[in-house]
Structures are given as C-alpha cells and as structure tokens.
Amino acid sequence: MANAPDLRPLTARSVVLSTLLGSHPPRIGARQAVRVGELFGIAEGTIRVALSRMVAAGDLVQIPERGGVYELTERLVQRQARQDESRFPRTRPWDGTWEIAVVTAERRRPAAERAALRQAMSALRLAELREGTWLRPANLGRSRPEIVQRQCAFLSGRPEEDPSALAASLWDLDGWAGTARELRAALDAAGSLAEQFTVSAAVLRHLLRDPLLPADLLPAGWPGPELRAHYERFETGFEQVLTEHIST
C-alpha cells in the first residue's frame, strides 16, 4: 500500500531552502530571495526574518563582502549533492554483485556517532539486513564518507537466494512506487505555482528514498524514470518563471 505523499506547508523557509537547493551554486542575494517570495505571496519582512533565522540555525551563511549574499552551509550542500544524485543517478552496469558493509566499530560508541553512521549508510542507499550488516546491489558509483570508511569493512558477494526476493525484503518497493504514482498525479493536477512548488518539493524528498536498484530487481512498471521526467519538466518551467520575475 502506498504511503501518503509527504506534502509540507509552504513557508518562507521552505521557499528559500528549495530555491537554493535547486541553484548551482547554491547562493542567493537578499533582494533576490524577496523577489522569489513575491511569487508565492510572502511578504518581504517574512523572507528577511526567515533568512536571519536560517543563518542562526546553521542552514545559511551570509557573505557580507559579496553584498549580503547567502549560501548554503556544508551540511546542506551535501544534501544538495544527494538530491542531484537522486535526480540524475550515477548508475553503472550490474553484474549481479552486491556490496556488503559490516560495521567493525566498537558497539559501545556514543549514540550520536551510531546515529550519524546510520544516516550515512542510508544516504549511500544501503539497506540493513541485520544489525551491523548493510548491503545493496553494486550498481552505483559514489564515494563513501569518512565516517563510513572508518567504521565499516566492505566486501562483495552474491546472494544464494533470489536477488529480487532479497531486494523486496530490504526495501518497500510497492510502497515507494505507489507514492511515486500519487506524486506524479498530484504534480499534474497542481494548479497554482504554490501548489506545484509544494508537490515538487515532496517529489525531491521521495526521490531521495529511491533505492536506485538495477532494473532486473524492480517490479514491472517501476515509476521512477517517469516521476523524474515529470519533475524535470516542472523545474524547467519554474526556472524560466523565476528568471523572468527576478530580472524584471
């Protein structure tokens, strides 16, 4: 059964953050941010307060020597990189091999460190078979962060069981596909720019949860490519609207 689409309220913070996550480099001037807010009926003062709060929260850094330009902090730059990868996956031909990560670090390490490792493993789109053992098909090209390299040993192998059945036990493929179809329909049905923006942000969050499995392991009619195509059409149109609005 599909999960409900992750639609979050449109706020000044979400408008600024989503705009920056879609910008390369992720940088915006205060006046530009105000103009973006105008597209969604958000007052100038509300946008400027959001910018200040995002700086205080460690989401943005202000660069006075560049005329008050705001940039994403490193933590969110990493999120942007994961988001870009989810939009344009760097896959490689799959020969049936799986990568297997075994946690070798001391089990009594701090809870924050264990949580950070779990987050890093999920970002690598590895699934936990059992505590301390993570795996996935070896069809992705990506680097491993330092915390993973320091705390894990990596092996490669092939499962004795049906790899499709193993993949289905590790990821909720039917649930992901059902939500993807709902989001695709919601993006098509969205009327106002605000509605389209809200749904598109949910699409990006959902794509971050795509396990990016080889086609051989996916159910028939997998909606990932079509959802990406729908999103890219929206993104192209929004960028055109945004450029025209800011330049006027």
# chains A, B, ... in the order shown; residues from 1 in each chain; ligands from 1
call {"tool": "residues_around", "arguments": {"residues": "region 111-127 of chain A", "least_positions_apart": "4", "cutoff": "6 Å", "atoms": "only C-alpha atoms", "output": "PDB file with C-alpha atoms, in the first residue's frame"}}
result
ATOM      1  CA  TRP A 134      24.254  -3.409   5.337  1.00  0.00           C
ATOM      2  CA  LEU A 135      24.097  -4.243   1.635  1.00  0.00           C
ATOM      3  CA  ARG A 136      22.795  -3.340  -1.810  1.00  0.00           C
ATOM      4  CA  PRO A 211      16.896   2.713  -3.661  1.00  0.00           C
TER       5      PRO A 211
END
call {"tool": "select_by_dssp", "arguments": {"residues": "region 58-198 of chain A", "states": "strand (DSSP E)", "output": "JSON, numbers by chain"}}
result
{"A": [60, 61, 62, 63, 69, 70, 71, 72, 98, 99, 100, 101, 102, 103, 127, 128, 129, 130, 133, 134, 135, 136, 137, 152, 153, 154, 155, 156, 157]}
call {"tool": "closest_residue", "arguments": {"among": "A:Trp98, A:Leu204, A:Asp188, A:Leu76", "to": "Leu155 (chain A)", "atoms": "only C-alpha atoms"}}
result
A:Trp98
call {"tool": "select_by_dssp", "arguments": {"residues": "region 14-165 of chain A", "states": "helix (DSSP H, G or I)", "output": "number ranges by chain"}}
result
A: 14-21, 30-39, 44-56, 64-66, 74-87, 111-123, 146-151, 163-165
call {"tool": "closest_residue", "arguments": {"among": "A:Ser52, A:Ala101, A:Gln32, A:Glu235", "to": "Leu193 (chain A)", "atoms": "only C-alpha atoms"}}
result
A:Glu235
call {"tool": "atom_distance", "arguments": {"atom1": "CA of Glu44 (chain A)", "atom2": "CA of Thr236 (chain A)"}}
result
25.4 Å
call {"tool": "residues_around", "arguments": {"residues": "Ala43 (chain A)", "least_positions_apart": "5", "cutoff": "9 Å", "atoms": "only C-alpha atoms", "output": "VMD selection string"}}
result
chain A and resid 12 34 37 to 38 48
call {"tool": "residues_around", "arguments": {"residues": "Ala50 (chain A)", "least_positions_apart": "3", "cutoff": "8 Å", "atoms": "only C-alpha atoms", "output": "ChimeraX atom specification"}}
result
/A:12-13,46-47,53-54
call {"tool": "write_last_selection", "arguments": {"atoms": "C-alpha atoms", "output": "mmCIF file, in the first residue's frame"}}
result
data_model
loop_
_atom_site.group_PDB
_atom_site.id
_atom_site.type_symbol
_atom_site.label_atom_id
_atom_site.label_comp_id
_atom_site.auth_asym_id
_atom_site.auth_seq_id
_atom_site.Cartn_x
_atom_site.Cartn_y
_atom_site.Cartn_z
ATOM 1 C CA ALA A 12 9.256 31.366 3.799
ATOM 2 C CA ARG A 13 11.975 28.968 4.921
ATOM 3 C CA THR A 46 8.806 37.471 6.394
ATOM 4 C CA ILE A 47 11.512 36.432 3.919
ATOM 5 C CA ARG A 53 16.715 32.527 11.360
ATOM 6 C CA MET A 54 18.290 30.197 8.811
#
call {"tool": "residues_around", "arguments": {"residues": "Arg92 (chain A)", "least_positions_apart": "5", "cutoff": "9 Å", "atoms": "only C-alpha atoms", "output": "PyMOL selection string"}}
result
chain A and resi 138-141+214
call {"tool": "residues_around", "arguments": {"residues": "region 218-234 of chain A", "least_positions_apart": "2", "cutoff": "7 Å", "atoms": "only C-alpha atoms", "output": "JSON, numbers by chain"}}
result
{"A": [87, 177, 180, 181, 184, 200, 213, 214, 215, 216, 236, 237, 238]}
call {"tool": "atom_distance", "arguments": {"atom1": "CA of Val102 (chain A)", "atom2": "CA of Gly132 (chain A)"}}
result
5.7 Å
call {"tool": "closest_residue", "arguments": {"among": "A:Val77, A:Val15, A:Leu129, A:Ala33", "to": "Ala167 (chain A)", "atoms": "only C-alpha atoms"}}
result
A:Leu129
call {"tool": "residues_around", "arguments": {"residues": "Thr179 (chain A)", "least_positions_apart": "3", "cutoff": "12 Å", "atoms": "only C-alpha atoms", "output": "short mmCIF file (atom, residue, chain, number, x, y, z; two decimals) with C-alpha atoms, in the first residue's frame"}}
result
data_model
loop_
_atom_site.label_atom_id
_atom_site.label_comp_id
_atom_site.auth_asym_id
_atom_site.auth_seq_id
_atom_site.Cartn_x
_atom_site.Cartn_y
_atom_site.Cartn_z
CA MET A 1 0.00 0.00 0.00
CA ALA A 2 1.29 3.45 -0.85
CA ASN A 3 2.29 5.88 1.86
CA ALA A 4 0.65 9.32 1.88
CA PRO A 5 2.64 11.88 -0.15
CA ASP A 6 4.93 13.98 2.04
CA LEU A 7 3.29 17.37 1.36
CA ASP A 172 9.33 -1.40 0.42
CA LEU A 173 9.28 -1.24 -3.36
CA ASP A 174 5.50 -1.39 -3.73
CA GLY A 175 5.09 1.41 -1.17
CA TRP A 176 7.66 3.62 -2.88
CA GLU A 182 0.42 9.63 -6.36
CA LEU A 183 3.02 12.39 -6.53
CA ARG A 184 3.15 12.24 -10.31
CA ALA A 185 -0.63 12.64 -10.45
CA ALA A 186 -0.50 15.45 -7.85
CA VAL A 199 4.35 18.95 -4.68
CA ALA A 202 7.75 16.36 -1.99
CA VAL A 203 8.88 14.69 -5.21
CA ARG A 205 12.20 14.16 -0.90
CA HIS A 206 10.69 10.98 -2.32
CA LEU A 207 13.43 10.59 -4.93
CA ARG A 209 14.37 7.49 -0.83
CA ASP A 210 14.57 5.71 -4.20
CA TRP A 222 8.57 0.97 -11.96
CA PRO A 223 7.60 4.70 -11.92
CA GLY A 224 10.98 6.20 -11.02
CA LEU A 227 8.48 10.71 -11.92
#
call {"tool": "atom_distance", "arguments": {"atom1": "CA of Ala30 (chain A)", "atom2": "CA of Val69 (chain A)"}}
result
6.5 Å
call {"tool": "decode", "arguments": {"residues": "region 84-112 of chain A", "atoms": "C-alpha atoms", "output": "JSON list (two decimals), in the first residue's frame"}}
result
[["chain", "number", "residue", "atom", "x", "y", "z"],
["A", 84, "ASP", "CA", 21.18, 15.98, -7.52],
["A", 85, "GLU", "CA", 22.21, 12.33, -7.49],
["A", 86, "SER", "CA", 18.61, 11.28, -6.91],
["A", 87, "ARG", "CA", 17.54, 13.34, -9.93],
["A", 88, "PHE", "CA", 20.37, 12.11, -12.17],
["A", 89, "PRO", "CA", 21.52, 8.76, -10.75],
["A", 90, "ARG", "CA", 25.08, 7.70, -11.50],
["A", 91, "THR", "CA", 24.41, 4.04, -12.14],
["A", 92, "ARG", "CA", 26.70, 1.52, -13.77],
["A", 93, "PRO", "CA", 26.10, -1.85, -15.42],
["A", 94, "TRP", "CA", 25.27, -4.50, -12.85],
["A", 95, "ASP", "CA", 26.90, -7.93, -12.97],
["A", 96, "GLY", "CA", 24.93, -9.43, -10.10],
["A", 97, "THR", "CA", 27.41, -8.45, -7.40],
["A", 98, "TRP", "CA", 26.26, -6.91, -4.11],
["A", 99, "GLU", "CA", 28.31, -4.63, -1.89],
["A", 100, "ILE", "CA", 28.24, -5.64, 1.76],
["A", 101, "ALA", "CA", 29.21, -3.35, 4.61],
["A", 102, "VAL", "CA", 29.99, -4.80, 8.04],
["A", 103, "VAL", "CA", 30.23, -2.39, 10.95],
["A", 104, "THR", "CA", 33.54, -3.06, 12.71],
["A", 105, "ALA", "CA", 33.50, -0.14, 15.16],
["A", 106, "GLU", "CA", 33.10, -0.65, 18.90],
["A", 107, "ARG", "CA", 29.44, -1.27, 19.75],
["A", 108, "ARG", "CA", 29.62, 0.91, 22.87],
["A", 109, "ARG", "CA", 30.35, 4.09, 20.95],
["A", 110, "PRO", "CA", 28.23, 7.22, 21.60],
["A", 111, "ALA", "CA", 24.61, 7.17, 20.42],
["A", 112, "ALA", "CA", 25.17, 10.28, 18.29]]
